[in-house]
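Here's run-v8.txt, which has compact mmCIF, C-alpha atoms (C1' of nucleotides):
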```txt
# COMPACT_ATOMS: atom_id res chain seq x y z
CA MET U 1332 24.57 133.13 126.92
CA LYS U 1333 26.70 130.11 127.45
CA ASP U 1334 29.85 129.73 125.37
CA ARG U 1335 29.62 127.37 122.47
CA ILE U 1336 32.15 124.59 121.98
CA ILE U 1337 33.14 124.01 118.38
CA PHE U 1338 35.63 121.49 116.99
CA HIS U 1339 37.32 121.84 113.63
CA LEU U 1340 38.86 118.64 112.34
CA ASP U 1341 41.36 118.61 109.50
CA VAL U 1342 43.01 115.51 108.02
CA ASN U 1343 46.77 116.05 107.86
CA ASN U 1344 47.92 116.13 104.21
CA ALA U 1345 44.68 114.39 103.33
CA PHE U 1346 45.38 113.22 99.77
CA LEU U 1347 48.88 112.04 100.59
CA SER U 1348 47.86 110.36 103.85
CA TRP U 1349 44.95 108.58 102.26
CA SER U 1350 47.09 107.40 99.36
CA ALA U 1351 49.76 106.27 101.82
CA VAL U 1352 47.28 104.20 103.85
CA ASP U 1353 45.86 102.64 100.71
CA LEU U 1354 49.28 101.80 99.29
CA LEU U 1355 50.33 100.16 102.57
CA GLU U 1356 47.13 98.15 102.65
CA HIS U 1357 47.94 96.89 99.18
CA GLY U 1358 51.39 95.71 100.23
CA TYR U 1359 53.42 98.72 99.13
CA LYS U 1360 56.65 98.69 101.11
CA LYS U 1361 57.13 102.44 101.52
CA ASP U 1362 55.12 104.81 103.67
CA ILE U 1363 55.07 107.87 101.42
CA ARG U 1364 54.38 110.08 104.43
CA LYS U 1365 57.91 109.39 105.62
CA ILE U 1366 59.80 110.25 102.43
CA PRO U 1367 59.96 113.34 100.22
CA ALA U 1368 56.76 112.71 98.27
CA ILE U 1369 53.92 114.61 96.69
CA ILE U 1370 50.54 113.90 95.17
CA GLY U 1371 50.47 115.78 91.90
CA GLY U 1372 48.76 116.15 88.55
CA ASP U 1373 50.06 114.90 85.23
CA GLU U 1374 52.72 117.20 83.82
CA THR U 1375 52.47 115.78 80.32
CA ARG U 1376 48.83 116.82 80.27
CA ARG U 1377 49.71 120.25 81.67
CA ARG U 1378 48.09 119.59 85.02
CA GLY U 1379 51.34 119.43 86.92
CA ILE U 1380 50.73 121.02 90.28
CA VAL U 1381 51.26 119.82 93.85
CA LEU U 1382 47.99 118.71 95.47
CA ALA U 1383 49.50 117.42 98.72
CA LYS U 1384 52.96 117.00 100.19
CA SER U 1385 54.61 114.87 102.83
CA PRO U 1386 56.13 116.56 105.89
CA VAL U 1387 59.59 115.84 104.46
CA ALA U 1388 58.67 117.49 101.17
CA LYS U 1389 57.45 120.48 103.14
CA LYS U 1390 60.87 120.80 104.73
CA TYR U 1391 62.28 121.36 101.25
CA GLY U 1392 59.99 124.34 100.88
CA ILE U 1393 57.49 122.63 98.62
CA LYS U 1394 54.04 124.16 98.88
CA THR U 1395 50.60 123.08 97.78
CA ALA U 1396 49.85 124.41 94.26
CA ASP U 1397 53.55 124.67 93.37
CA THR U 1398 54.25 123.30 89.93
CA ILE U 1399 55.77 119.85 89.83
CA TYR U 1400 58.60 121.50 87.96
CA GLU U 1401 59.25 123.80 90.95
CA ALA U 1402 58.92 120.94 93.39
CA LYS U 1403 61.57 118.97 91.52
CA LYS U 1404 63.86 121.97 91.57
CA LYS U 1405 63.42 122.33 95.31
CA CYS U 1406 63.93 118.61 95.88
CA PRO U 1407 65.31 116.57 92.96
CA GLN U 1408 64.68 113.21 94.65
CA ILE U 1409 60.98 113.98 95.24
CA GLU U 1410 58.66 111.07 94.51
CA LEU U 1411 55.49 111.87 92.62
CA TYR U 1412 52.24 109.93 93.08
CA PRO U 1413 49.01 110.49 91.15
CA PRO U 1414 45.74 111.50 92.85
CA TYR U 1415 42.95 108.93 93.31
CA TYR U 1416 39.81 110.93 93.74
CA GLU U 1417 37.53 107.95 94.13
CA LEU U 1418 39.64 106.69 97.00
CA TYR U 1419 39.51 110.11 98.64
CA SER U 1420 35.73 110.26 98.41
CA LYS U 1421 35.53 106.85 99.99
CA LYS U 1422 37.89 107.79 102.82
CA SER U 1423 35.97 110.99 103.33
CA ARG U 1424 32.60 109.24 103.61
CA GLU U 1425 34.09 106.76 106.04
CA LEU U 1426 35.39 109.57 108.24
CA PHE U 1427 32.14 111.53 108.31
CA THR U 1428 30.14 108.43 109.13
CA TYR U 1429 32.47 107.85 112.04
CA LEU U 1430 32.25 111.45 113.30
CA LYS U 1431 28.46 111.33 113.47
CA LYS U 1432 28.62 109.23 116.60
CA TYR U 1433 29.85 112.23 118.58
CA THR U 1434 27.28 114.79 117.47
CA PRO U 1435 24.61 115.10 114.79
CA THR U 1436 25.60 118.72 114.24
CA ILE U 1437 28.41 118.26 111.75
CA GLU U 1438 29.20 120.55 108.86
CA GLN U 1439 31.30 119.10 106.09
CA PHE U 1440 33.51 121.96 105.02
CA SER U 1441 35.47 120.08 102.38
CA VAL U 1442 36.44 116.53 101.54
CA ASP U 1443 38.75 116.44 104.57
CA GLU U 1444 37.48 119.10 106.96
CA ALA U 1445 34.59 119.20 109.37
CA PHE U 1446 33.09 121.46 111.98
CA LEU U 1447 31.43 119.76 114.95
CA ASP U 1448 29.17 121.66 117.32
CA MET U 1449 29.82 120.09 120.70
CA SER U 1450 27.83 122.67 122.70
CA GLY U 1451 25.39 121.14 125.10
CA THR U 1452 27.26 117.88 125.32
CA ASN U 1453 28.75 118.79 128.71
CA LEU U 1454 26.79 116.07 130.42
CA LEU U 1455 28.11 113.52 127.96
CA TYR U 1456 31.64 114.76 127.69
CA LYS U 1457 32.96 116.55 130.74
CA ASP U 1458 36.26 117.61 129.24
CA HIS U 1459 36.09 118.69 125.60
CA VAL U 1460 39.83 118.93 125.14
CA LYS U 1461 40.22 115.41 126.39
CA LEU U 1462 37.46 114.33 124.05
CA ALA U 1463 39.26 115.93 121.10
CA HIS U 1464 42.35 113.90 121.98
CA THR U 1465 40.27 110.75 122.17
CA ILE U 1466 38.77 111.35 118.73
CA LYS U 1467 42.14 112.17 117.20
CA ASP U 1468 43.79 109.06 118.66
CA ASP U 1469 40.88 106.83 117.79
CA ILE U 1470 40.97 107.96 114.14
CA LYS U 1471 44.66 107.14 114.01
CA LYS U 1472 44.10 103.68 115.47
CA ARG U 1473 41.04 102.91 113.41
CA PHE U 1474 41.93 104.40 110.03
CA GLY U 1475 45.70 104.73 110.09
CA TYR U 1476 46.09 108.45 109.46
CA THR U 1477 46.38 111.53 111.64
CA VAL U 1478 44.22 114.62 112.06
CA ASN U 1479 44.42 117.97 113.76
CA ILE U 1480 41.55 119.19 115.90
CA GLY U 1481 40.96 122.80 116.88
CA VAL U 1482 38.78 123.43 119.93
CA ALA U 1483 37.25 126.88 120.41
CA ASN U 1484 34.11 128.89 121.11
CA ASN U 1485 33.29 129.51 117.44
CA LYS U 1486 34.01 128.13 113.98
CA LEU U 1487 36.57 130.73 113.01
CA CYS U 1488 38.75 130.13 116.07
CA ALA U 1489 38.35 126.37 115.82
CA LYS U 1490 39.53 126.57 112.23
CA MET U 1491 42.47 128.77 113.15
CA ALA U 1492 43.40 126.45 116.01
CA SER U 1493 43.43 123.29 113.89
CA ASP U 1494 45.92 125.04 111.66
CA PHE U 1495 48.47 125.74 114.40
CA GLU U 1496 51.10 123.04 114.70
CA LYS U 1497 50.80 119.85 112.63
CA PRO U 1498 50.46 116.92 112.45
CA ASP U 1499 48.53 114.85 114.99
CA LYS U 1500 47.72 117.68 117.39
CA VAL U 1501 44.86 119.17 119.37
CA HIS U 1502 44.95 122.94 119.94
CA THR U 1503 42.59 125.26 121.73
CA LEU U 1504 41.81 128.86 120.88
CA PHE U 1505 39.19 129.87 123.42
CA ASN U 1506 38.02 133.46 123.61
CA ASP U 1507 40.45 134.28 126.40
CA GLU U 1508 43.39 132.94 124.38
CA ILE U 1509 42.88 135.02 121.24
CA LYS U 1510 45.26 137.84 122.14
CA GLU U 1511 48.01 135.53 123.15
CA LYS U 1512 47.71 132.85 120.44
CA MET U 1513 46.23 134.58 117.40
CA TRP U 1514 47.24 138.20 117.47
CA PRO U 1515 50.98 137.66 116.91
CA LEU U 1516 50.30 135.80 113.63
CA PRO U 1517 50.72 137.54 110.26
CA VAL U 1518 47.45 138.71 108.64
CA GLU U 1519 47.76 136.18 105.84
CA ASP U 1520 47.20 133.45 108.41
CA LEU U 1521 43.73 134.78 109.13
CA PHE U 1522 40.97 132.67 107.62
CA MET U 1523 39.34 134.50 104.69
CA CYS U 1524 42.20 136.97 104.41
CA GLY U 1525 43.73 135.87 101.14
CA LYS U 1526 46.72 137.03 99.19
CA LYS U 1527 45.15 140.21 97.80
CA SER U 1528 43.76 141.39 101.12
CA ALA U 1529 46.99 140.56 102.94
CA GLU U 1530 49.03 142.55 100.44
CA ARG U 1531 46.81 145.57 100.87
CA LEU U 1532 46.87 145.32 104.64
CA HIS U 1533 50.67 145.14 104.67
CA SER U 1534 50.87 148.21 102.46
CA LEU U 1535 48.79 150.00 105.09
CA GLY U 1536 51.20 148.94 107.81
CA ILE U 1537 48.89 146.27 109.17
CA ASP U 1538 51.08 143.21 109.50
CA THR U 1539 49.71 141.03 112.27
CA ILE U 1540 46.23 139.86 113.13
CA GLY U 1541 46.58 141.95 116.28
CA ASP U 1542 47.26 145.06 114.17
CA LEU U 1543 44.12 144.30 112.20
CA ALA U 1544 42.03 143.78 115.35
CA LYS U 1545 43.00 147.25 116.53
CA ALA U 1546 42.58 148.92 113.12
CA ASP U 1547 40.00 151.62 112.49
CA VAL U 1548 37.00 150.49 110.44
CA GLY U 1549 36.63 153.92 108.89
CA LYS U 1550 40.17 153.89 107.57
CA LEU U 1551 39.88 150.37 106.19
CA TYR U 1552 36.52 151.04 104.60
CA LYS U 1553 38.12 152.99 101.79
CA HIS U 1554 40.13 149.97 100.73
CA PHE U 1555 37.88 147.07 101.64
CA LYS U 1556 34.32 148.40 101.56
CA ASN U 1557 31.98 146.01 103.32
CA GLN U 1558 34.79 143.53 103.75
CA ALA U 1559 36.47 145.90 106.26
CA ASN U 1560 34.20 145.15 109.16
CA PHE U 1561 34.29 141.44 108.51
CA LEU U 1562 38.09 141.39 108.52
CA ILE U 1563 38.36 143.33 111.77
CA GLU U 1564 35.75 141.19 113.50
CA SER U 1565 37.58 138.07 112.33
CA ALA U 1566 40.85 139.42 113.69
CA LYS U 1567 39.11 139.91 117.02
CA GLY U 1568 38.06 136.29 116.87
CA ILE U 1569 34.38 137.13 116.54
CA ASP U 1570 32.22 134.77 114.50
CA ASN U 1571 28.58 133.98 115.17
CA SER U 1572 28.01 131.66 112.22
CA LYS U 1573 26.39 128.35 113.00
CA VAL U 1574 27.49 124.82 112.30
CA ILE U 1575 25.00 123.79 109.64
CA PRO U 1576 24.88 120.26 108.21
CA ARG U 1577 24.94 120.25 104.41
CA LYS U 1578 21.42 118.95 104.07
CA GLU U 1579 20.02 121.86 106.05
CA ARG U 1580 22.04 124.47 104.26
CA THR U 1581 20.41 126.79 101.81
CA ILE U 1582 22.74 128.05 99.16
CA LYS U 1583 21.94 131.31 97.45
CA ASN U 1584 22.75 130.38 93.88
CA GLU U 1585 23.77 126.78 93.82
CA SER U 1586 26.01 125.93 90.91
CA ILE U 1587 27.83 122.97 89.43
CA SER U 1588 30.64 123.17 86.97
CA THR U 1589 33.30 121.23 85.17
CA SER U 1590 36.39 122.38 83.37
CA ARG U 1591 39.33 120.88 81.59
CA THR U 1592 42.86 122.01 81.01
CA LEU U 1593 43.60 120.79 77.49
CA SER U 1594 46.78 118.89 76.76
CA TYR U 1595 47.62 121.55 74.18
CA ASP U 1596 46.09 124.91 73.22
CA TYR U 1597 43.08 124.53 70.94
CA THR U 1598 42.42 126.98 68.13
CA ASP U 1599 39.81 124.88 66.36
CA ILE U 1600 36.26 125.67 67.41
CA ASP U 1601 35.02 122.21 66.49
CA LYS U 1602 37.54 120.63 68.83
CA LEU U 1603 36.42 122.98 71.58
CA LYS U 1604 32.83 121.97 70.93
CA GLU U 1605 33.71 118.32 71.30
CA ILE U 1606 34.92 119.05 74.80
CA LEU U 1607 31.80 121.08 75.54
CA PHE U 1608 29.72 118.14 74.42
CA LYS U 1609 31.25 115.80 76.97
CA GLN U 1610 31.01 118.41 79.67
CA ALA U 1611 27.36 119.15 78.89
CA GLU U 1612 26.67 115.47 79.16
CA ARG U 1613 28.45 115.11 82.46
CA LEU U 1614 26.72 118.11 84.03
CA GLY U 1615 23.35 117.09 82.63
CA ARG U 1616 23.71 113.72 84.26
CA GLU U 1617 24.76 115.30 87.56
CA LEU U 1618 21.74 117.58 87.38
CA ARG U 1619 19.37 114.68 86.83
CA GLN U 1620 20.98 112.73 89.62
CA LYS U 1621 20.40 115.67 91.97
CA LYS U 1622 16.88 116.02 90.59
CA LYS U 1623 17.55 119.64 89.75
CA TYR U 1624 17.21 121.99 86.82
CA THR U 1625 19.49 124.78 85.77
CA THR U 1626 18.39 128.26 84.79
CA THR U 1627 21.80 129.66 83.86
CA VAL U 1628 24.32 128.15 81.48
CA GLY U 1629 27.80 129.61 81.25
CA ILE U 1630 31.14 128.81 79.70
CA VAL U 1631 34.57 129.67 80.99
CA LEU U 1632 37.68 129.98 78.86
CA LYS U 1633 41.34 130.44 79.73
CA ASN U 1634 43.75 131.30 77.00
CA ASN U 1635 47.44 130.58 76.54
CA LEU U 1636 48.29 133.76 78.46
CA PHE U 1637 46.28 132.48 81.42
CA LYS U 1638 43.67 135.16 80.93
CA SER U 1639 40.24 133.86 81.90
CA TYR U 1640 36.90 135.06 80.64
CA SER U 1641 33.38 133.82 80.95
CA HIS U 1642 29.94 134.25 79.47
CA GLN U 1643 26.59 133.13 80.72
CA ARG U 1644 22.98 133.25 79.75
CA LYS U 1645 19.64 132.67 81.44
CA VAL U 1646 17.67 129.73 80.09
CA GLU U 1647 14.31 128.15 80.83
CA ALA U 1648 14.76 125.61 83.59
CA THR U 1649 16.24 122.50 82.00
CA ASN U 1650 18.13 119.33 82.77
CA LYS U 1651 18.75 118.33 79.18
CA ASN U 1652 22.19 117.68 77.75
CA SER U 1653 21.08 119.03 74.39
CA VAL U 1654 20.01 122.43 75.76
CA ILE U 1655 23.15 122.78 77.84
CA TYR U 1656 25.34 121.84 74.90
CA LYS U 1657 23.55 124.08 72.43
CA THR U 1658 23.67 127.08 74.75
CA ALA U 1659 27.33 126.49 75.52
CA CYS U 1660 28.15 126.33 71.80
CA GLU U 1661 26.31 129.55 71.10
CA LEU U 1662 28.14 131.29 73.90
CA LEU U 1663 31.42 129.99 72.50
CA GLU U 1664 30.63 131.09 68.96
CA ARG U 1665 29.65 134.55 70.07
CA ASN U 1666 32.37 135.21 72.56
CA TRP U 1667 35.48 133.27 71.68
CA ARG U 1668 38.21 135.81 70.98
CA GLU U 1669 39.99 133.41 68.60
CA ASP U 1670 42.83 133.13 71.09
CA PRO U 1671 44.53 129.78 71.75
CA ILE U 1672 42.47 128.07 74.47
CA ARG U 1673 44.18 126.30 77.37
CA LEU U 1674 41.11 125.55 79.47
CA ILE U 1675 37.42 125.29 78.73
CA GLY U 1676 34.51 124.59 81.04
CA ILE U 1677 30.79 124.81 81.61
CA ARG U 1678 29.03 126.16 84.66
CA LEU U 1679 25.38 125.67 85.52
CA ALA U 1680 24.07 128.15 88.06
CA ASP U 1681 20.88 129.12 89.86
CA LEU U 1682 19.75 125.53 90.13
CA THR U 1683 16.13 124.92 91.06
CA THR U 1684 14.17 121.89 92.18
CA ASN U 1685 10.97 122.41 90.29
CA ARG U 1686 10.63 123.17 86.68
CA ASP U 1687 7.72 125.55 86.41
CA VAL U 1688 7.65 125.84 82.65
CA GLN U 1689 4.65 125.60 80.39
CA LEU U 1690 5.26 123.35 77.43
CA SER U 1691 3.26 123.06 74.27
CA PHE U 1692 1.85 119.67 73.41
CA ASP U 1693 4.36 119.16 70.61
CA SER U 1694 7.38 119.94 72.70
CA LYS U 1695 5.97 117.69 75.42
CA GLU U 1696 6.04 114.81 72.99
CA GLU U 1697 9.52 115.67 71.84
CA ASN U 1698 10.53 116.00 75.43
CA LYS U 1699 9.30 112.60 76.35
CA GLU U 1700 11.29 110.94 73.65
CA GLU U 1701 14.47 112.75 74.57
CA GLU U 1702 13.92 112.01 78.24
CA ILE U 1703 13.59 108.31 77.58
CA ILE U 1704 16.76 108.22 75.51
CA GLN U 1705 18.62 110.27 78.09
CA ASP U 1706 17.45 108.05 80.91
CA VAL U 1707 18.71 104.91 79.19
CA MET U 1708 22.02 106.57 78.39
CA ASP U 1709 22.36 107.78 81.99
CA ARG U 1710 21.91 104.31 83.31
CA ILE U 1711 24.54 102.86 81.02
CA ASN U 1712 26.98 105.69 81.62
CA ASN U 1713 26.48 105.60 85.38
CA LYS U 1714 27.19 101.90 85.34
CA PHE U 1715 30.16 101.85 83.03
CA GLY U 1716 31.46 105.32 83.71
CA GLY U 1717 32.27 108.34 81.59
CA SER U 1718 30.86 108.52 78.10
CA SER U 1719 30.37 104.84 77.39
CA VAL U 1720 27.40 105.70 75.26
CA ILE U 1721 27.32 108.83 73.14
CA PRO U 1722 25.31 109.88 70.12
CA ALA U 1723 26.73 108.68 66.81
CA SER U 1724 27.31 112.27 65.71
CA MET U 1725 30.02 112.58 68.34
CA LYS U 1726 31.71 109.28 67.67
CA LYS U 1727 35.42 109.92 67.13
CA LYS U 1728 38.67 110.99 68.78
CA LYS U 1729 39.25 111.72 72.46
CA ASP U 1730 40.73 114.73 74.26
C1' DT M 359 56.12 119.46 80.00
C1' DC M 360 55.88 125.89 84.62
C1' DT M 361 50.93 127.38 86.55
C1' DG M 362 44.12 121.88 88.62
C1' DG M 363 39.40 121.56 89.43
C1' DG M 364 35.21 122.38 92.13
C1' DG M 365 32.80 125.49 94.71
C1' DT M 366 30.42 130.18 97.30
C1' DC M 367 29.90 134.92 97.67
C1' DC M 368 30.33 139.82 96.43
C1' DT M 369 30.49 143.96 93.43
C1' DA M 370 30.05 147.06 89.55
C1' DG M 371 27.60 148.45 85.75
C1' DG M 372 23.84 148.29 82.34
C1' DA M 373 18.91 147.50 81.10
C1' DC M 374 14.49 148.21 82.35
C1' DC M 375 10.43 149.55 85.08
C1' DC M 376 7.55 152.77 87.65
C1' DT V 652 15.51 172.48 79.47
C1' DC V 653 20.25 170.76 84.93
C1' DT V 654 21.49 165.10 85.12
C1' DG V 655 15.51 162.14 89.21
C1' DG V 656 15.88 157.97 91.50
C1' DG V 657 14.64 153.65 93.69
C1' DG V 658 14.22 148.76 92.81
C1' DT V 659 15.10 144.47 90.33
C1' DC V 660 17.28 141.51 87.13
C1' DC V 661 21.15 140.23 84.59
C1' DT V 662 26.19 139.70 83.25
C1' DA V 663 31.25 139.70 83.88
C1' DG V 664 34.89 139.55 86.80
C1' DG V 665 37.21 138.61 90.93
C1' DA V 666 38.22 137.19 95.94
C1' DC V 667 38.23 133.49 98.76
C1' DC V 668 38.16 128.46 100.26
C1' DC V 669 39.71 123.39 99.80
```
So that I can check it, write out the structure of this file as C-alpha cells.
Amino acid sequence: MKDRIIFHLDVNNAFLSWSAVDLLEHGYKKDIRKIPAIIGGDETRRRGIVLAKSPVAKKYGIKTADTIYEAKKKCPQIELYPPYYELYSKKSRELFTYLKKYTPTIEQFSVDEAFLDMSGTNLLYKDHVKLAHTIKDDIKKRFGYTVNIGVANNKLCAKMASDFEKPDKVHTLFNDEIKEKMWPLPVEDLFMCGKKSAERLHSLGIDTIGDLAKADVGKLYKHFKNQANFLIESAKGIDNSKVIPRKERTIKNESISTSRTLSYDYTDIDKLKEILFKQAERLGRELRQKKKYTTTVGIVLKNNLFKSYSHQRKVEATNKNSVIYKTACELLERNWREDPIRLIGIRLADLTTNRDVQLSFDSKEENKEEEIIQDVMDRINNKFGGSSVIPASMKKKKD
DNA sequence: TCTGGGGTCCTAGGACCC
DNA sequence: TCTGGGGTCCTAGGACCC
C-alpha cells in the first residue's frame, strides 16, 4: 500500500491573530501579536481565563487557560482583549473555503484546525512539502495571519508535526522520522495523552514518547485498560484513521449543550430556572435549525467548590423548548443538592433526524399551535438575536 | 474579581430480560 | 439451597480535545 500524505493545518494563536488582523483593518495602531497581549474572558463575570496569548505573552510563561489574575502576576503590563466569537467563525469559514481548492478531503477538527488528505495528488503536486510552504505563505499574504502545517503519513503524525516549532512553519514527521523527531519528546506532548495519563505514565517511569513506544502492553493494561494499546500505538506513530469531512461523519451520540458560569453563586432555585429557560430556548432553536430532535435531556451543575454533577433523562423525541425546559426543571428540583451554584447548563444528547412518535389527535392539535408560535418566535429571535421575544411569564431581570 | 464553553468517547454499575 | 450469565439499555462521571 502506498503511503498516505496528510497535512494538519493550525492557525497560530488563532483568536489573538484573528483579533489582531481585524483591529488593524479597523485602523487600530497596535499589532497585538507583537506586544504582551492576551484574549481573555471577563473577570468581573468570573470568566477570567486566557483563551489565546501573543508570542511575547508566552515568553512570560503565560499559558492558555491560566486565570487572568495569574497572567497579570506573570506580566503586569499584559494587555487584555475580549474574544469576538462571531469574528472567529467568519475567519474560520473563510479559511476552510480557501482550503477546499487544494483537496475536497478536508476534515475540520476545530474552529482553527484542519486535516487535509493530499494522497493521490502526486500528479498535481509533485512536492508536498513545497506545497505546504506555498499554502502557508499564501494564507499569510491573503489573510494576514500565519499558520503551521504538519506533513506526515497519517493524521496523528501530521498533528504532532504542526505542533513542533511555531509560528509560521512547515514541519514533516514521516514514518522514517518518528524515532528521531517524536520519541525524545515527553509523553505529555503526545496527542490524546492528557494530564492524567501523563502523570500515571511518569509514575511508572515512562517519561518520553520513546519510552512509551517500547513499553509492554501487558504491564500498561493494568493501569490503562483498553487505552493501553492505543497509547502505545500512538507513541509508535501508528494511526489508520481517515480524514473524514464533517458532512460524511457519523457521530455515535451527537449532542449539543450550553452552559453558563453565573456572575455570582445562585442559591435560589427560581433564579436557576430562569437561566434554564433561556438555555432551553437556545438549544431548542439550534435543534430546529439542524432539523433534529433530542431523546435525552440533561442538566449540569457546578457548585462553589468546583464540584460538577449532572443528571439526565430519556425523553420522547422532541424539539420543543417547553419539553426541554420542563425536563430540565424537574431534573434540577430532584437533584439539586442545595449547594451554591456557580455554573448551570443543559445538554441534549442522542439527537435523531426523524421523530417516530405516535401522537394522539388532541396532542397533535396542541402541537400544531405550539409549533406555529415557536416558529414565529424563532424567526424573530434569529433575526434580532438572543431572546428578543420571550413568553410574558419570563419577562423580567437578566443574568 | 483565581479557575470558560462546546464537544466526543469510554467505563462502571444497576435494572431488566430471557 | 452455592452466587448463573449473557445481552441491552440507561445513568453518572470522567478523560480528552480545541
>> Contacts from chain U to chain V, 12 Å maximum, all atoms listed in the file: show me the residue list as a ChimeraX atom specification.
In response: /U:1341-1342,1344-1346,1382-1383,1395-1396,1439-1445,1521-1529,1555,1558,1627-1631,1638-1646
>> Give me, as a ChimeraX atom specification, all polymer residues having an atom no more than 8 Å from Leu1447 of chain U, counting only C-alpha atoms (C1' of nucleotides) and skipping those fewer than 4 positions away in the same chain.
In response: /U:1337-1340,1434,1436-1438,1574
> atom CA of Ala1680 of chain U to atom CA of Trp1667 of chain U: how many Å, to one decimal?
Replying inline: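 The value is 20.6 Å.
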> Between atom CA of Lys1467 of chain U and atom CA of Ala1388 of chain U, what is the spacing in Å?
Replying inline: 23.6 Å
> By how many Å are atom CA of Lys1490 of chain U and atom CA of Lys1471 of chain U apart?
Replying inline: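 Atom CA of Lys1471 of chain U lies 20.2 Å from atom CA of Lys1490 of chain U.
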> Hey, what's within 12 Å of Asn1453 of chain U if we count only C-alpha atoms (C1' of nucleotides) and toss same-chain stuff fewer than 2 positions away? As a list in words, please?
Replying inline: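 Selected residues are Lys1333, Asp1334, Arg1335, Ile1336, Asp1448, Met1449, Ser1450, Gly1451, Leu1455, Tyr1456, Lys1457, Asp1458, His1459, Val1460 and Leu1462 of chain U.
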>> From (21.1, 115.8, 75.0), in the file's coordinates, out to 7 Å: which residues are reached, counting all atoms listed in the file? Answer as a ChimeraX atom specification.
In response: /U:1612,1651-1654,1705
> Looking at all atoms listed in the file, which of U:Ile1563, U:Val1387, U:Ile1575, U:Leu1516 is the one that sits closest to Lys1486 of chain U?
Replying inline: U:Ile1575
> Do you know which residues are at most 10 Å from Glu1374 of chain U counting all atoms listed in the file, after dropping those on the same chain fewer than 2 positions away, and could you put them as a PyMOL selection string?
Replying inline: (chain U and resi 1371-1372+1376-1380+1398-1400+1594) or (chain M and resi 359-360)
With all atoms of segment 658-669 of chain V from the file as input, state the centre and edge lengths in Å to one decimal of the axis-aligned box that has 5 Å extra on each side, as AutoDock Vina command-line options.
```
--center_x 27.0 --center_y 136.1 --center_z 91.8 --size_x 35.5 --size_y 35.4 --size_z 27.0
```
>> Nearest residue to Ser1565 of chain U out of U:Asn1485, U:Gly1615, U:Ser1588, U:Lys1512, using all atoms listed in the file?
In response: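 Once distances to Ser1565 of chain U are computed over all atoms listed in the file, the minimum belongs to U:Asn1485.
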